[in-house]
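Novice: Supplied structure: structure.cif, mmCIF, N, CA and C atoms.
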data_data
#
loop_
_atom_site.label_atom_id
_atom_site.label_comp_id
_atom_site.auth_asym_id
_atom_site.auth_seq_id
_atom_site.Cartn_x
_atom_site.Cartn_y
_atom_site.Cartn_z
N MET A 89 0.85 -1.18 0.00
CA MET A 89 0.00 0.00 0.00
C MET A 89 0.89 1.23 0.00
N GLY A 90 0.51 2.19 -0.77
CA GLY A 90 1.28 3.42 -0.86
C GLY A 90 0.49 4.62 -0.38
N SER A 91 1.13 5.73 -0.44
CA SER A 91 0.51 6.97 -0.01
C SER A 91 -0.33 7.54 -1.15
N GLN A 92 -1.38 8.26 -0.81
CA GLN A 92 -2.21 8.90 -1.82
C GLN A 92 -1.53 10.16 -2.36
N LYS A 93 -0.54 10.68 -1.63
CA LYS A 93 0.12 11.91 -2.06
C LYS A 93 1.25 11.61 -3.03
N ASP A 94 1.46 12.51 -3.93
CA ASP A 94 2.57 12.42 -4.86
C ASP A 94 3.86 12.69 -4.09
N VAL A 95 4.94 12.05 -4.49
CA VAL A 95 6.22 12.23 -3.83
C VAL A 95 6.67 13.69 -3.90
N MET A 96 6.40 14.33 -5.01
CA MET A 96 6.80 15.73 -5.17
C MET A 96 6.10 16.61 -4.14
N GLU A 97 4.83 16.30 -3.85
CA GLU A 97 4.10 17.08 -2.84
C GLU A 97 4.72 16.89 -1.47
N LEU A 98 5.20 15.70 -1.18
CA LEU A 98 5.85 15.46 0.11
C LEU A 98 7.11 16.30 0.26
N PHE A 99 7.92 16.37 -0.80
CA PHE A 99 9.12 17.20 -0.75
C PHE A 99 8.75 18.68 -0.64
N ALA A 100 7.71 19.09 -1.34
CA ALA A 100 7.27 20.48 -1.28
C ALA A 100 6.81 20.84 0.13
N GLU A 101 6.03 19.96 0.74
CA GLU A 101 5.55 20.22 2.09
C GLU A 101 6.71 20.24 3.09
N ARG A 102 7.72 19.43 2.85
CA ARG A 102 8.90 19.45 3.73
C ARG A 102 9.62 20.80 3.62
N ASP A 103 9.76 21.31 2.40
CA ASP A 103 10.38 22.63 2.23
C ASP A 103 9.54 23.72 2.88
N LEU A 104 8.22 23.61 2.77
CA LEU A 104 7.34 24.58 3.42
C LEU A 104 7.49 24.55 4.94
N ARG A 105 7.58 23.34 5.50
CA ARG A 105 7.75 23.23 6.95
C ARG A 105 9.08 23.79 7.41
N GLN A 106 10.10 23.77 6.55
CA GLN A 106 11.38 24.38 6.91
C GLN A 106 11.27 25.90 6.90
N HIS A 107 10.51 26.43 5.97
CA HIS A 107 10.36 27.89 5.87
C HIS A 107 9.34 28.43 6.87
N PHE A 108 8.24 27.71 7.05
CA PHE A 108 7.18 28.09 7.99
C PHE A 108 7.12 27.01 9.08
N SER A 109 7.92 27.18 10.10
CA SER A 109 8.08 26.15 11.12
C SER A 109 6.85 26.01 12.02
N GLU A 110 6.46 24.77 12.30
CA GLU A 110 5.38 24.50 13.24
C GLU A 110 5.77 24.95 14.65
N TYR A 111 7.06 24.94 14.93
CA TYR A 111 7.56 25.41 16.22
C TYR A 111 7.20 26.88 16.45
N ASP A 112 7.18 27.66 15.37
CA ASP A 112 6.82 29.08 15.45
C ASP A 112 5.32 29.29 15.38
N GLY A 113 4.54 28.23 15.30
CA GLY A 113 3.09 28.35 15.32
C GLY A 113 2.42 28.31 13.96
N TRP A 114 3.16 28.06 12.89
CA TRP A 114 2.57 28.02 11.55
C TRP A 114 1.81 26.72 11.33
N LYS A 115 0.67 26.81 10.67
CA LYS A 115 -0.13 25.66 10.27
C LYS A 115 -0.23 25.64 8.76
N ILE A 116 0.07 24.49 8.16
CA ILE A 116 0.08 24.35 6.71
C ILE A 116 -1.04 23.40 6.29
N ALA A 117 -1.86 23.84 5.34
CA ALA A 117 -2.96 23.01 4.85
C ALA A 117 -3.13 23.24 3.35
N PRO A 118 -3.43 22.17 2.59
CA PRO A 118 -3.72 22.36 1.17
C PRO A 118 -4.96 23.24 0.99
N THR A 119 -4.95 24.04 -0.05
CA THR A 119 -6.05 24.95 -0.33
C THR A 119 -7.03 24.28 -1.28
N ALA A 120 -8.30 24.38 -0.96
CA ALA A 120 -9.33 23.86 -1.85
C ALA A 120 -9.74 24.97 -2.82
N ASN A 121 -10.55 24.64 -3.78
CA ASN A 121 -11.10 25.61 -4.75
C ASN A 121 -10.02 26.29 -5.58
N VAL A 122 -9.02 25.54 -6.00
CA VAL A 122 -8.02 26.06 -6.94
C VAL A 122 -8.18 25.32 -8.25
N PRO A 123 -7.76 25.92 -9.35
CA PRO A 123 -7.89 25.24 -10.65
C PRO A 123 -7.16 23.91 -10.68
N SER A 124 -7.62 23.02 -11.52
CA SER A 124 -6.99 21.72 -11.67
C SER A 124 -5.55 21.87 -12.15
N GLY A 125 -4.66 21.09 -11.58
CA GLY A 125 -3.26 21.15 -11.96
C GLY A 125 -2.44 22.16 -11.18
N VAL A 126 -3.06 22.88 -10.25
CA VAL A 126 -2.35 23.87 -9.43
C VAL A 126 -2.37 23.38 -7.99
N ASP A 127 -1.19 23.28 -7.40
CA ASP A 127 -1.08 22.92 -5.99
C ASP A 127 -0.83 24.18 -5.19
N MET A 128 -1.69 24.42 -4.20
CA MET A 128 -1.56 25.63 -3.39
C MET A 128 -1.80 25.27 -1.93
N TYR A 129 -1.09 25.97 -1.06
CA TYR A 129 -1.19 25.75 0.37
C TYR A 129 -1.53 27.05 1.08
N ARG A 130 -2.32 26.91 2.14
CA ARG A 130 -2.64 28.06 3.01
C ARG A 130 -1.81 27.87 4.27
N VAL A 131 -1.02 28.87 4.59
CA VAL A 131 -0.16 28.83 5.77
C VAL A 131 -0.65 29.93 6.70
N SER A 132 -0.93 29.57 7.95
CA SER A 132 -1.48 30.56 8.87
C SER A 132 -0.84 30.43 10.24
N LYS A 133 -0.89 31.55 10.96
CA LYS A 133 -0.35 31.60 12.31
C LYS A 133 -1.18 32.57 13.12
N SER A 134 -1.62 32.14 14.29
CA SER A 134 -2.40 33.02 15.16
C SER A 134 -1.48 34.02 15.84
N LYS A 135 -1.93 35.24 15.87
CA LYS A 135 -1.19 36.31 16.54
C LYS A 135 -2.11 37.00 17.53
N TRP A 136 -1.56 37.85 18.33
CA TRP A 136 -2.33 38.56 19.34
C TRP A 136 -3.43 39.41 18.70
N VAL A 137 -3.15 40.02 17.58
CA VAL A 137 -4.11 40.92 16.93
C VAL A 137 -4.92 40.25 15.83
N GLY A 138 -4.77 38.96 15.64
CA GLY A 138 -5.52 38.28 14.59
C GLY A 138 -4.74 37.11 14.05
N GLU A 139 -4.85 36.92 12.76
CA GLU A 139 -4.21 35.79 12.12
C GLU A 139 -3.35 36.28 10.96
N GLU A 140 -2.13 35.75 10.88
CA GLU A 140 -1.24 36.04 9.76
C GLU A 140 -1.40 34.91 8.75
N VAL A 141 -1.66 35.26 7.49
CA VAL A 141 -1.96 34.27 6.46
C VAL A 141 -1.05 34.47 5.26
N ALA A 142 -0.61 33.34 4.71
CA ALA A 142 0.16 33.36 3.48
C ALA A 142 -0.33 32.23 2.59
N TYR A 143 -0.31 32.45 1.29
CA TYR A 143 -0.67 31.43 0.33
C TYR A 143 0.57 31.09 -0.48
N VAL A 144 0.82 29.80 -0.65
CA VAL A 144 2.01 29.34 -1.36
C VAL A 144 1.57 28.44 -2.50
N ALA A 145 1.94 28.81 -3.72
CA ALA A 145 1.67 27.98 -4.90
C ALA A 145 2.93 27.21 -5.25
N LEU A 146 2.76 25.97 -5.67
CA LEU A 146 3.88 25.11 -6.04
C LEU A 146 4.00 25.07 -7.55
N SER A 147 5.19 25.35 -8.05
CA SER A 147 5.45 25.27 -9.48
C SER A 147 6.66 24.37 -9.69
N LEU A 148 6.49 23.28 -10.42
CA LEU A 148 7.60 22.39 -10.74
C LEU A 148 8.02 22.53 -12.19
N ASN A 149 7.62 23.62 -12.82
CA ASN A 149 8.00 23.91 -14.21
C ASN A 149 9.18 24.86 -14.22
N GLN A 150 9.94 24.83 -15.31
CA GLN A 150 11.09 25.72 -15.40
C GLN A 150 10.65 27.18 -15.46
N VAL A 151 9.51 27.42 -16.09
CA VAL A 151 8.88 28.74 -16.10
C VAL A 151 7.50 28.56 -15.49
N PRO A 152 7.18 29.28 -14.41
CA PRO A 152 5.85 29.10 -13.79
C PRO A 152 4.74 29.37 -14.80
N THR A 153 3.71 28.55 -14.76
CA THR A 153 2.61 28.69 -15.72
C THR A 153 1.72 29.88 -15.35
N ASP A 154 1.01 30.37 -16.35
CA ASP A 154 0.07 31.47 -16.11
C ASP A 154 -1.03 31.04 -15.16
N ALA A 155 -1.43 29.75 -15.22
CA ALA A 155 -2.49 29.26 -14.34
C ALA A 155 -2.06 29.31 -12.87
N THR A 156 -0.80 29.00 -12.61
CA THR A 156 -0.29 29.03 -11.23
C THR A 156 -0.27 30.47 -10.72
N LEU A 157 0.22 31.40 -11.52
CA LEU A 157 0.28 32.80 -11.10
C LEU A 157 -1.12 33.40 -10.98
N ALA A 158 -2.03 33.00 -11.87
CA ALA A 158 -3.41 33.49 -11.79
C ALA A 158 -4.10 32.96 -10.54
N ALA A 159 -3.79 31.71 -10.15
CA ALA A 159 -4.39 31.15 -8.94
C ALA A 159 -3.94 31.93 -7.71
N LEU A 160 -2.69 32.36 -7.69
CA LEU A 160 -2.21 33.18 -6.57
C LEU A 160 -2.92 34.53 -6.54
N ASP A 161 -3.12 35.12 -7.72
CA ASP A 161 -3.78 36.43 -7.76
C ASP A 161 -5.27 36.35 -7.45
N SER A 162 -5.87 35.16 -7.61
CA SER A 162 -7.30 35.04 -7.36
C SER A 162 -7.62 34.71 -5.91
N VAL A 163 -6.61 34.64 -5.06
CA VAL A 163 -6.85 34.33 -3.64
C VAL A 163 -7.65 35.47 -3.02
N PRO A 164 -8.77 35.15 -2.37
CA PRO A 164 -9.58 36.22 -1.78
C PRO A 164 -8.88 36.85 -0.58
N GLU A 165 -8.99 38.15 -0.47
CA GLU A 165 -8.42 38.87 0.67
C GLU A 165 -9.46 38.90 1.78
N THR A 166 -9.11 38.37 2.93
CA THR A 166 -10.01 38.39 4.07
C THR A 166 -9.28 38.97 5.26
N GLY A 167 -10.02 39.59 6.13
CA GLY A 167 -9.41 40.16 7.32
C GLY A 167 -8.81 41.53 7.06
N ARG A 168 -8.19 42.07 8.10
CA ARG A 168 -7.62 43.42 7.98
C ARG A 168 -6.28 43.42 7.26
N ALA A 169 -5.48 42.39 7.49
CA ALA A 169 -4.15 42.34 6.86
C ALA A 169 -4.23 41.60 5.53
N LYS A 170 -3.42 42.03 4.58
CA LYS A 170 -3.36 41.36 3.29
C LYS A 170 -2.60 40.05 3.45
N ALA A 171 -3.05 39.06 2.76
CA ALA A 171 -2.35 37.78 2.76
C ALA A 171 -1.10 37.89 1.90
N ARG A 172 -0.01 37.35 2.40
CA ARG A 172 1.23 37.32 1.62
C ARG A 172 1.15 36.16 0.63
N LYS A 173 1.81 36.32 -0.50
CA LYS A 173 1.77 35.31 -1.56
C LYS A 173 3.19 34.88 -1.90
N TYR A 174 3.37 33.56 -2.02
CA TYR A 174 4.67 32.97 -2.29
C TYR A 174 4.56 31.98 -3.44
N LEU A 175 5.68 31.78 -4.12
CA LEU A 175 5.79 30.75 -5.15
C LEU A 175 6.94 29.84 -4.74
N LEU A 176 6.65 28.56 -4.54
CA LEU A 176 7.66 27.56 -4.21
C LEU A 176 8.09 26.92 -5.51
N THR A 177 9.36 27.07 -5.85
CA THR A 177 9.85 26.62 -7.14
C THR A 177 11.25 26.01 -7.00
N PRO A 178 11.63 25.08 -7.89
CA PRO A 178 12.98 24.52 -7.84
C PRO A 178 14.05 25.57 -8.11
N GLN A 179 15.25 25.29 -7.65
CA GLN A 179 16.37 26.19 -7.90
C GLN A 179 16.65 26.28 -9.40
N ALA A 180 17.16 27.40 -9.82
CA ALA A 180 17.51 27.68 -11.21
C ALA A 180 16.31 27.73 -12.15
N ALA A 181 15.11 27.92 -11.61
CA ALA A 181 13.93 28.11 -12.45
C ALA A 181 13.89 29.57 -12.92
N SER A 182 13.29 29.81 -14.05
CA SER A 182 13.16 31.16 -14.56
C SER A 182 11.99 31.85 -13.87
N THR A 183 12.29 32.86 -13.08
CA THR A 183 11.25 33.55 -12.32
C THR A 183 11.06 34.99 -12.78
N ALA A 184 11.47 35.29 -14.00
CA ALA A 184 11.35 36.65 -14.52
C ALA A 184 9.89 37.07 -14.70
N SER A 185 9.00 36.11 -14.95
CA SER A 185 7.59 36.45 -15.20
C SER A 185 6.77 36.54 -13.91
N VAL A 186 7.39 36.30 -12.77
CA VAL A 186 6.66 36.35 -11.50
C VAL A 186 6.47 37.81 -11.09
N PRO A 187 5.25 38.20 -10.77
CA PRO A 187 5.01 39.60 -10.36
C PRO A 187 5.79 39.95 -9.09
N PRO A 188 6.10 41.22 -8.90
CA PRO A 188 6.92 41.62 -7.75
C PRO A 188 6.26 41.41 -6.40
N HIS A 189 4.92 41.35 -6.34
CA HIS A 189 4.27 41.15 -5.05
C HIS A 189 4.27 39.69 -4.60
N VAL A 190 4.72 38.78 -5.46
CA VAL A 190 4.82 37.36 -5.11
C VAL A 190 6.27 37.06 -4.74
N ARG A 191 6.46 36.61 -3.51
CA ARG A 191 7.81 36.27 -3.04
C ARG A 191 8.15 34.85 -3.49
N ILE A 192 9.43 34.59 -3.69
CA ILE A 192 9.87 33.30 -4.21
C ILE A 192 10.59 32.53 -3.11
N ILE A 193 10.21 31.26 -2.96
CA ILE A 193 10.90 30.34 -2.06
C ILE A 193 11.52 29.26 -2.94
N LEU A 194 12.83 29.06 -2.82
CA LEU A 194 13.50 28.05 -3.63
C LEU A 194 13.51 26.72 -2.89
N MET A 195 13.21 25.65 -3.61
CA MET A 195 13.19 24.32 -3.02
C MET A 195 14.62 23.85 -2.74
N ASN A 196 14.79 23.14 -1.65
CA ASN A 196 16.09 22.57 -1.31
C ASN A 196 16.30 21.22 -1.98
N SER A 197 15.23 20.57 -2.41
CA SER A 197 15.30 19.20 -2.91
C SER A 197 15.42 19.09 -4.42
N PHE A 198 15.01 20.11 -5.16
CA PHE A 198 14.99 20.02 -6.61
C PHE A 198 15.59 21.27 -7.25
N ALA A 199 16.15 21.07 -8.45
CA ALA A 199 16.71 22.17 -9.23
C ALA A 199 16.61 21.80 -10.71
N PHE A 200 16.83 22.77 -11.55
CA PHE A 200 16.89 22.53 -12.98
C PHE A 200 18.34 22.54 -13.41
N ALA A 201 18.74 21.49 -14.13
CA ALA A 201 20.09 21.40 -14.68
C ALA A 201 19.96 20.91 -16.11
N GLU A 202 20.52 21.66 -17.03
CA GLU A 202 20.46 21.33 -18.45
C GLU A 202 19.02 21.16 -18.93
N GLY A 203 18.12 21.97 -18.39
CA GLY A 203 16.73 21.96 -18.80
C GLY A 203 15.89 20.85 -18.21
N LYS A 204 16.45 20.05 -17.30
CA LYS A 204 15.71 18.95 -16.69
C LYS A 204 15.60 19.17 -15.19
N LEU A 205 14.48 18.71 -14.64
CA LEU A 205 14.27 18.77 -13.21
C LEU A 205 15.05 17.63 -12.57
N VAL A 206 15.96 17.97 -11.64
CA VAL A 206 16.79 16.96 -11.00
C VAL A 206 16.60 17.02 -9.49
N TRP A 207 16.75 15.86 -8.88
CA TRP A 207 16.65 15.74 -7.43
C TRP A 207 18.02 15.99 -6.84
N LEU A 208 18.11 16.91 -5.91
CA LEU A 208 19.37 17.22 -5.26
C LEU A 208 19.54 16.29 -4.05
N THR A 209 20.26 15.22 -4.27
CA THR A 209 20.43 14.21 -3.23
C THR A 209 21.82 14.31 -2.64
N LYS A 210 21.99 13.74 -1.47
CA LYS A 210 23.29 13.73 -0.82
C LYS A 210 23.85 12.30 -0.74
N LYS A 211 23.28 11.40 -1.51
CA LYS A 211 23.75 10.02 -1.47
C LYS A 211 25.15 9.91 -2.05
N LYS A 212 25.89 8.93 -1.58
CA LYS A 212 27.30 8.78 -1.92
C LYS A 212 27.55 8.57 -3.41
N ASN A 213 26.78 7.73 -4.08
CA ASN A 213 27.03 7.40 -5.48
C ASN A 213 26.14 8.15 -6.45
N ALA A 214 25.51 9.23 -6.01
CA ALA A 214 24.60 9.98 -6.86
C ALA A 214 25.38 10.81 -7.88
N LYS A 215 24.75 11.06 -9.00
CA LYS A 215 25.33 11.93 -10.01
C LYS A 215 25.11 13.37 -9.58
N HIS A 216 26.14 14.17 -9.61
CA HIS A 216 26.05 15.55 -9.15
C HIS A 216 25.97 16.51 -10.33
N PHE A 217 25.13 17.51 -10.20
CA PHE A 217 24.95 18.55 -11.20
C PHE A 217 25.38 19.87 -10.59
N ALA A 218 26.16 20.62 -11.31
CA ALA A 218 26.52 21.96 -10.85
C ALA A 218 25.46 22.91 -11.35
N CYS A 219 24.74 23.53 -10.44
CA CYS A 219 23.72 24.47 -10.86
C CYS A 219 23.75 25.67 -9.94
N GLU A 220 23.44 26.79 -10.52
CA GLU A 220 23.40 28.04 -9.79
C GLU A 220 22.01 28.24 -9.22
N PRO A 221 21.90 28.77 -8.00
CA PRO A 221 20.56 29.10 -7.49
C PRO A 221 19.91 30.19 -8.36
N ALA A 222 18.63 30.17 -8.42
CA ALA A 222 17.91 31.15 -9.22
C ALA A 222 18.11 32.55 -8.65
N ALA A 223 18.26 33.50 -9.50
CA ALA A 223 18.38 34.89 -9.06
C ALA A 223 17.02 35.41 -8.66
N VAL A 224 16.93 35.93 -7.47
CA VAL A 224 15.67 36.47 -6.97
C VAL A 224 15.61 37.94 -7.33
N PRO A 225 14.58 38.38 -8.04
CA PRO A 225 14.51 39.79 -8.42
C PRO A 225 14.40 40.68 -7.18
N ALA A 226 15.04 41.80 -7.26
CA ALA A 226 15.07 42.73 -6.12
C ALA A 226 13.78 43.48 -5.99
#
What is this structure when it is put down as structure tokens?

Specialist:
Amino acid sequence: MGSQKDVMELFAERDLRQHFSEYDGWKIAPTANVPSGVDMYRVSKSKWVGEEVAYVALSLNQVPTDATLAALDSVPETGRAKARKYLLTPQAASTASVPPHVRIILMNSFAFAEGKLVWLTKKKNAKHFACEPAAVPA
């Protein structure tokens, strides 16, 4: 018997937990009501004055798709504070088309090398790829 989740989603959630630690009070949950083919997570943390909310879309493409970016922009704003928006993407992905209000989180587990998505493993006999981290626009 296997898991119902895709292996890529497990690695993505692990990277999210590293960035938004449960120790700091963050809660991570998949978001419903998103277009098919788009993986999005709602990350929230209770604060004294309310709730801090962030939405994170997962892109495993070398160039994030328009559907992924549109799903981030269609997130409803609730509460007094604006929800922060993030894009979780592999290292060395092209992020030039990402709007400036969307922050970029680079995955620790995956990167693009020679146009292919590769797993960044630390195993002894693994094939190593030299790749540069993606440049984050200022």

Novice: For a test of reading the model, state the distance in Å between atom C of A:Ala145 and atom N of A:Tyr111, rounded to one decimal.

Specialist: 20.7 Å

Novice: For A:Leu175, which residue among A:Thr153, A:Ser147, A:Gln106, A:Asn196 is the nearest when counting only C-alpha atoms?

Specialist: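 Using only C-alpha atoms, the shortest distance to A:Leu175 belongs to A:Ser147.
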
Novice: When the PyMOL selection byres ((chain A and resi 152) around 8) is applied to the structure above, which residues does it catch, written out as a list in words?

Specialist: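 With the shown file as input, the PyMOL selection byres ((chain A and resi 152) around 8) matches Leu146, Ser147, Leu148, Asn149, Gln150, Val151, Thr153, Asp154, Ala155, Thr156, Leu157, Ala181, Ser182, Thr183, Ala184, Ser185 and Val186 of chain A.
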
Novice: For the selection you just gave me, I'd like the residues written to a file as a tab-separated table (two decimals), in the frame of the given file, keeping N, CA and C atoms.

Specialist:
chain	number	residue	atom	x	y	z
A	146	LEU	N	2.76	25.97	-5.67
A	146	LEU	CA	3.88	25.11	-6.04
A	146	LEU	C	4.00	25.07	-7.55
A	147	SER	N	5.19	25.35	-8.05
A	147	SER	CA	5.45	25.27	-9.48
A	147	SER	C	6.66	24.37	-9.69
A	148	LEU	N	6.49	23.28	-10.42
A	148	LEU	CA	7.60	22.39	-10.74
A	148	LEU	C	8.02	22.53	-12.19
A	149	ASN	N	7.62	23.62	-12.82
A	149	ASN	CA	8.00	23.91	-14.21
A	149	ASN	C	9.18	24.86	-14.22
A	150	GLN	N	9.94	24.83	-15.31
A	150	GLN	CA	11.09	25.72	-15.40
A	150	GLN	C	10.65	27.18	-15.46
A	151	VAL	N	9.51	27.42	-16.09
A	151	VAL	CA	8.88	28.74	-16.10
A	151	VAL	C	7.50	28.56	-15.49
A	153	THR	N	3.71	28.55	-14.76
A	153	THR	CA	2.61	28.69	-15.72
A	153	THR	C	1.72	29.88	-15.35
A	154	ASP	N	1.01	30.37	-16.35
A	154	ASP	CA	0.07	31.47	-16.11
A	154	ASP	C	-1.03	31.04	-15.16
A	155	ALA	N	-1.43	29.75	-15.22
A	155	ALA	CA	-2.49	29.26	-14.34
A	155	ALA	C	-2.06	29.31	-12.87
A	156	THR	N	-0.80	29.00	-12.61
A	156	THR	CA	-0.29	29.03	-11.23
A	156	THR	C	-0.27	30.47	-10.72
A	157	LEU	N	0.22	31.40	-11.52
A	157	LEU	CA	0.28	32.80	-11.10
A	157	LEU	C	-1.12	33.40	-10.98
A	181	ALA	N	15.11	27.92	-11.61
A	181	ALA	CA	13.93	28.11	-12.45
A	181	ALA	C	13.89	29.57	-12.92
A	182	SER	N	13.29	29.81	-14.05
A	182	SER	CA	13.16	31.16	-14.56
A	182	SER	C	11.99	31.85	-13.87
A	183	THR	N	12.29	32.86	-13.08
A	183	THR	CA	11.25	33.55	-12.32
A	183	THR	C	11.06	34.99	-12.78
A	184	ALA	N	11.47	35.29	-14.00
A	184	ALA	CA	11.35	36.65	-14.52
A	184	ALA	C	9.89	37.07	-14.70
A	185	SER	N	9.00	36.11	-14.95
A	185	SER	CA	7.59	36.45	-15.20
A	185	SER	C	6.77	36.54	-13.91
A	186	VAL	N	7.39	36.30	-12.77
A	186	VAL	CA	6.66	36.35	-11.50
A	186	VAL	C	6.47	37.81	-11.09

Novice: Quick one: everything within 8 Å of A:Ile193, counting only N, CA and C atoms, minus sequence neighbours fewer than 5 positions away in the same chain. Send it as a PDB file with N, CA and C atoms, keeping the file's coordinate frame.

Specialist:
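Once written, selection-v3.pdb looks like this:
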ATOM      1  N   LYS A 173       1.810  36.320  -0.500  1.00  0.00           N
ATOM      2  CA  LYS A 173       1.770  35.310  -1.560  1.00  0.00           C
ATOM      3  C   LYS A 173       3.190  34.880  -1.900  1.00  0.00           C
ATOM      4  N   TYR A 174       3.370  33.560  -2.020  1.00  0.00           N
ATOM      5  CA  TYR A 174       4.670  32.970  -2.290  1.00  0.00           C
ATOM      6  C   TYR A 174       4.560  31.980  -3.440  1.00  0.00           C
ATOM      7  N   LEU A 175       5.680  31.780  -4.120  1.00  0.00           N
ATOM      8  CA  LEU A 175       5.790  30.750  -5.150  1.00  0.00           C
ATOM      9  C   LEU A 175       6.940  29.840  -4.740  1.00  0.00           C
ATOM     10  N   LEU A 176       6.650  28.560  -4.540  1.00  0.00           N
ATOM     11  CA  LEU A 176       7.660  27.560  -4.210  1.00  0.00           C
ATOM     12  C   LEU A 176       8.090  26.920  -5.510  1.00  0.00           C
ATOM     13  N   THR A 177       9.360  27.070  -5.850  1.00  0.00           N
ATOM     14  CA  THR A 177       9.850  26.620  -7.140  1.00  0.00           C
ATOM     15  C   THR A 177      11.250  26.010  -7.000  1.00  0.00           C
ATOM     16  N   PRO A 178      11.630  25.080  -7.890  1.00  0.00           N
ATOM     17  CA  PRO A 178      12.980  24.520  -7.840  1.00  0.00           C
ATOM     18  C   PRO A 178      14.050  25.570  -8.110  1.00  0.00           C
ATOM     19  N   GLN A 179      15.250  25.290  -7.650  1.00  0.00           N
ATOM     20  CA  GLN A 179      16.370  26.190  -7.900  1.00  0.00           C
ATOM     21  C   GLN A 179      16.650  26.280  -9.400  1.00  0.00           C
TER      22      GLN A 179
END

Novice: Between atom N of A:Ile116 and atom N of A:Trp207, what is the distance, to one decimal in Å?

Specialist: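 These two atoms are separated by 25.4 Å.
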
Novice: DSSP on the backbone, then: every residue of chain A marked strand (DSSP E or B), written as a ChimeraX atom specification.

Specialist: /A:115-118,127-135,138-146,172-179,190-201,204-207

Novice: Which of these residues is nearest to A:Val163, using only C-alpha atoms: A:Ser197, A:Ser109, A:Thr119, A:Ser132?

Specialist: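 Counting only C-alpha atoms, the residue closest to A:Val163 is A:Thr119.
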
Novice: I need the residues of stretch 129-180 of chain A that end up classed as helix (DSSP H, G or I) by DSSP on the backbone, written out as number ranges by chain.

Specialist: A: 154-161

Novice: Running the PyMOL selection byres ((chain A and resi 128) around 6) on this model by hand, what would come out? Give it as a PyMOL selection string.

Specialist: chain A and resi 117-119+126-127+129-130+144-146

Novice: How many Å separate atom N of A:Leu205 from atom N of A:Ile192?

Specialist: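 It comes out at 19.9 Å.
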